>>> print(open('upload_8.pdb').read())   # PDB, C-alpha atoms
ATOM      1  CA  MET A 139       0.000   0.000   0.000
ATOM      2  CA  LYS A 140       2.850   2.399   0.820
ATOM      3  CA  LYS A 141       4.363   1.632  -2.567
ATOM      4  CA  ILE A 142       1.071   2.537  -4.275
ATOM      5  CA  CYS A 143       0.892   5.773  -2.284
ATOM      6  CA  ARG A 144       4.445   6.699  -3.252
ATOM      7  CA  MET A 145       3.730   5.890  -6.885
ATOM      8  CA  GLY A 146       0.604   8.047  -6.751
ATOM      9  CA  TRP A 147       2.516  10.912  -5.181
ATOM     10  CA  LEU A 148       5.289  10.611  -7.748
ATOM     11  CA  SER A 149       2.809  10.607 -10.617
ATOM     12  CA  VAL A 150       1.174  13.784  -9.274
ATOM     13  CA  MET A 151       4.527  15.499  -8.893
ATOM     14  CA  LEU A 152       5.585  14.372 -12.368
ATOM     15  CA  TRP A 153       2.336  15.659 -13.844
ATOM     16  CA  LEU A 154       2.692  18.987 -12.063
ATOM     17  CA  SER A 155       6.316  19.338 -13.123
ATOM     18  CA  MET A 156       5.420  18.527 -16.741
ATOM     19  CA  SER A 157       2.704  21.149 -16.575
ATOM     20  CA  TYR A 158       5.213  23.554 -15.122
ATOM     21  CA  ASN A 159       7.812  22.764 -17.804
ATOM     22  CA  ALA A 160       5.276  23.104 -20.608
ATOM     23  CA  MET A 161       4.291  26.529 -19.363
ATOM     24  CA  ALA A 162       7.763  27.681 -18.342
ATOM     25  CA  ASP A 163       8.752  28.553 -21.904
ATOM     26  CA  SER A 164       5.702  30.661 -22.618
ATOM     27  CA  GLU A 165       4.464  32.167 -19.361
ATOM     28  CA  VAL A 166       5.256  32.786 -15.753
ATOM     29  CA  VAL A 167       4.018  29.972 -13.560
ATOM     30  CA  THR A 168       2.179  31.209 -10.527
ATOM     31  CA  GLN A 169       0.913  29.435  -7.465
ATOM     32  CA  MET A 170      -2.557  29.916  -8.883
ATOM     33  CA  THR A 171      -1.569  28.011 -12.032
ATOM     34  CA  LEU A 172      -0.066  25.164 -10.014
ATOM     35  CA  THR A 173      -3.174  25.047  -7.834
ATOM     36  CA  ASP A 174      -5.449  25.046 -10.880
ATOM     37  CA  ASN A 175      -3.460  22.178 -12.402
ATOM     38  CA  ALA A 176      -3.596  20.151  -9.188
ATOM     39  CA  CYS A 177      -7.332  20.760  -8.795
ATOM     40  CA  ASP A 178      -7.984  19.888 -12.444
ATOM     41  CA  TRP A 179      -6.145  16.596 -11.892
ATOM     42  CA  TYR A 180      -8.254  15.941  -8.782
ATOM     43  CA  LYS A 181     -11.437  16.599 -10.786
ATOM     44  CA  GLN A 182     -10.283  14.051 -13.374
ATOM     45  CA  GLN A 183      -9.727  11.476 -10.632
ATOM     46  CA  ASP A 184     -13.128  12.254  -9.134
ATOM     47  CA  ALA A 185     -14.815  11.827 -12.530
ATOM     48  CA  ALA A 186     -13.100   8.435 -12.954
ATOM     49  CA  LEU A 187     -14.237   7.422  -9.461
ATOM     50  CA  ASN A 188     -17.817   8.447 -10.220
ATOM     51  CA  GLN A 189     -17.773   6.491 -13.474
ATOM     52  CA  THR A 190     -16.502   3.376 -11.693
ATOM     53  CA  TRP A 191     -19.119   3.923  -8.970
ATOM     54  CA  GLN A 192     -21.919   3.937 -11.540
ATOM     55  CA  ARG A 193     -20.570   0.748 -13.133
ATOM     56  CA  LEU A 194     -20.468  -0.944  -9.713
ATOM     57  CA  LEU A 195     -24.026   0.079  -8.882
ATOM     58  CA  ALA A 196     -25.141  -1.390 -12.194
ATOM     59  CA  ALA A 197     -23.175  -4.593 -11.530
ATOM     60  CA  TYR A 198     -24.886  -4.934  -8.152
ATOM     61  CA  ALA A 199     -28.317  -3.958  -9.505
ATOM     62  CA  HIS A 200     -29.898  -7.296  -8.596
ATOM     63  CA  GLU A 201     -28.036  -7.693  -5.304
ATOM     64  CA  LYS A 202     -29.606  -5.140  -2.992
ATOM     65  CA  ILE A 203     -27.655  -6.243   0.090
ATOM     66  CA  GLN A 204     -24.315  -5.877  -1.694
ATOM     67  CA  GLN A 205     -25.446  -2.538  -3.075
ATOM     68  CA  LYS A 206     -26.288  -1.440   0.484
ATOM     69  CA  ARG A 207     -22.861  -2.605   1.692
ATOM     70  CA  LEU A 208     -21.201  -0.744  -1.159
ATOM     71  CA  ARG A 209     -23.010   2.480  -0.267
ATOM     72  CA  ARG A 210     -22.138   2.059   3.417
ATOM     73  CA  ALA A 211     -18.468   1.490   2.568
ATOM     74  CA  GLN A 212     -18.377   4.508   0.272
ATOM     75  CA  ARG A 213     -19.941   6.767   2.901
ATOM     76  CA  ALA A 214     -17.338   5.558   5.393
ATOM     77  CA  TRP A 215     -14.569   6.214   2.872
ATOM     78  CA  LEU A 216     -15.849   9.764   2.283
ATOM     79  CA  ARG A 217     -15.811  10.425   6.038
ATOM     80  CA  PHE A 218     -12.298   8.969   6.235
ATOM     81  CA  ARG A 219     -11.098  11.040   3.267
ATOM     82  CA  ASN A 220     -12.418  14.247   4.797
ATOM     83  CA  ALA A 221     -10.907  13.466   8.201
ATOM     84  CA  GLU A 222      -7.566  12.517   6.605
ATOM     85  CA  LEU A 223      -7.488  15.759   4.621
ATOM     86  CA  ALA A 224      -8.261  17.752   7.772
ATOM     87  CA  LEU A 225      -5.449  15.970   9.579
ATOM     88  CA  THR A 226      -2.731  15.980   6.925
ATOM     89  CA  VAL A 227      -3.243  19.100   4.821
ATOM     90  CA  PRO A 228      -1.715  22.214   6.351
ATOM     91  CA  THR A 229      -3.981  25.025   7.440
ATOM     92  CA  GLU A 230      -3.876  28.346   5.621
ATOM     93  CA  HIS A 231      -2.470  30.280   8.541
ATOM     94  CA  ARG A 232       0.537  27.920   8.601
ATOM     95  CA  LYS A 233       1.305  27.449   4.898
ATOM     96  CA  GLY A 234      -0.419  30.234   2.959
ATOM     97  CA  SER A 235      -1.249  29.963  -0.707
ATOM     98  CA  VAL A 236      -0.120  26.355  -1.217
ATOM     99  CA  VAL A 237      -2.931  24.946   0.928
ATOM    100  CA  ALA A 238      -5.478  24.606  -1.895
ATOM    101  CA  MET A 239      -2.888  22.899  -4.117
ATOM    102  CA  CYS A 240      -1.882  20.534  -1.296
ATOM    103  CA  ARG A 241      -5.531  19.703  -0.618
ATOM    104  CA  CYS A 242      -6.235  18.941  -4.298
ATOM    105  CA  MET A 243      -3.090  16.834  -4.605
ATOM    106  CA  LYS A 244      -3.897  14.763  -1.508
ATOM    107  CA  ALA A 245      -7.590  14.444  -2.406
ATOM    108  CA  GLY A 246      -6.617  13.432  -5.947
ATOM    109  CA  ARG A 247      -4.239  10.729  -4.716
ATOM    110  CA  MET A 248      -6.800   9.361  -2.281
ATOM    111  CA  THR A 249      -9.521   9.433  -4.935
ATOM    112  CA  ALA A 250      -7.311   7.636  -7.463
ATOM    113  CA  GLU A 251      -6.555   4.945  -4.877
ATOM    114  CA  ARG A 252     -10.256   4.541  -4.081
ATOM    115  CA  GLN A 253     -11.126   4.333  -7.761
ATOM    116  CA  SER A 254      -8.588   1.508  -8.110
ATOM    117  CA  GLN A 255     -10.106  -0.299  -5.126
ATOM    118  CA  LEU A 256     -13.603  -0.064  -6.592
ATOM    119  CA  ALA A 257     -12.422  -1.022 -10.076
ATOM    120  CA  ALA A 258     -10.919  -4.190  -8.569
ATOM    121  CA  LEU A 259     -14.445  -5.227  -7.575
ATOM    122  CA  LEU A 260     -15.394  -5.144 -11.256
ATOM    123  CA  ALA A 261     -12.375  -7.152 -12.384
ATOM    124  CA  PRO A 262     -11.101  -9.417  -9.612
ATOM    125  CA  GLU A 263      -7.870 -11.319 -10.007
ATOM    126  CA  GLU A 264      -8.416 -14.753 -11.458
ATOM    127  CA  GLY A 265      -8.493 -17.398  -8.772
ATOM    128  CA  ASP A 266      -9.367 -14.965  -5.967
ATOM    129  CA  VAL A 267     -11.894 -17.134  -4.178
ATOM    130  CA  CYS A 268     -12.164 -14.676  -1.291
ATOM    131  CA  SER A 269     -13.347 -11.793  -3.445
ATOM    132  CA  THR A 270     -16.819 -10.344  -3.073
ATOM    133  CA  ALA A 271     -16.440  -8.725  -6.454
ATOM    134  CA  ALA A 272     -19.534  -7.790  -8.377
ATOM    135  CA  VAL A 273     -18.917 -10.438 -11.002
ATOM    136  CA  ASN A 274     -18.509 -13.167  -8.358
ATOM    137  CA  SER A 275     -20.883 -11.981  -5.701
ATOM    138  CA  ALA A 276     -23.463 -14.464  -4.509
ATOM    139  CA  ALA A 277     -23.846 -13.247  -0.922
ATOM    140  CA  THR A 278     -27.409 -12.557   0.079
ATOM    141  CA  ASP A 279     -27.268 -12.479   3.843
ATOM    142  CA  GLU A 280     -26.459  -9.542   6.099
ATOM    143  CA  PRO A 281     -23.671 -10.216   8.618
ATOM    144  CA  ALA A 282     -24.677 -10.324  12.278
ATOM    145  CA  GLY A 283     -23.697  -7.442  14.489
TER     146      GLY A 283
END
>>> encode(input="upload_8.pdb", output="structure tokens")
Amino acid sequence: MKKICRMGWLSVMLWLSMSYNAMADSEVVTQMTLTDNACDWYKQQDAALNQTWQRLLAAYAHEKIQQKRLRRAQRAWLRFRNAELALTVPTEHRKGSVVAMCRCMKAGRMTAERQSQLAALLAPEEGDVCSTAAVNSAATDEPAG
């Protein structure tokens, strides 16, 4: 998991640096530009997550209990994401104008990771007998407790 996080962070930094290099020849790069680029990347990740979410809901269309579990898990992830951002992203009074960029970068990384987790439910690894993936799901009972 740490390796995935580092890879995600490196890809964000690479993307931002490429954006910076592409603009460096033609215009001055401001913090606002870097923030806009980071937030645009986050929006792309969020759109991919939403698309995967819709595909999962469709895959679980006839399995109402799994659909309920999926919604519960996603709500929990959203609460976690928001709490994690509050914990790890600096506050404006401490870091100034980079805060919005930092927030978009962290939210983008977390969203990309979540999208990958949800996508794995649509395409489980072959032979994964422990998966509750949409294509393999046959569970119909609610766990006790």
>>> atom_distance(input="upload_8.pdb", atom1="atom CA of Leu195 of chain A", atom2="atom CA of Leu216 of chain A")
16.9 Å
>>> atom_distance(input="upload_8.pdb", atom1="atom CA of Val267 of chain A", atom2="atom CA of Ile203 of chain A")
19.6 Å
>>> resolve_selection(input="upload_8.pdb", expression="the PyMOL selection byres ((chain A and resi 180-190) around 7)", output="list in words")
Ala176, Cys177, Asp178, Trp179, Trp191, Gln192, Arg193, Leu194, Cys242, Met243, Ala245, Gly246, Thr249, Ala250, Gln253, Leu256 and Ala257 of chain A
>>> closest_residue(input="upload_8.pdb", among="A:Glu165, A:Ala261, A:Arg209, A:Arg241", to="Thr229 of chain A", atoms="all atoms listed in the file")
A:Arg241
>>> atom_distance(input="upload_8.pdb", atom1="atom CA of Asp174 of chain A", atom2="atom CA of Gln212 of chain A")
26.7 Å
>>> closest_residue(input="upload_8.pdb", among="A:Lys244, A:Arg252, A:Gln169, A:Arg207", to="Ala224 of chain A", atoms="only C-alpha atoms")
A:Lys244
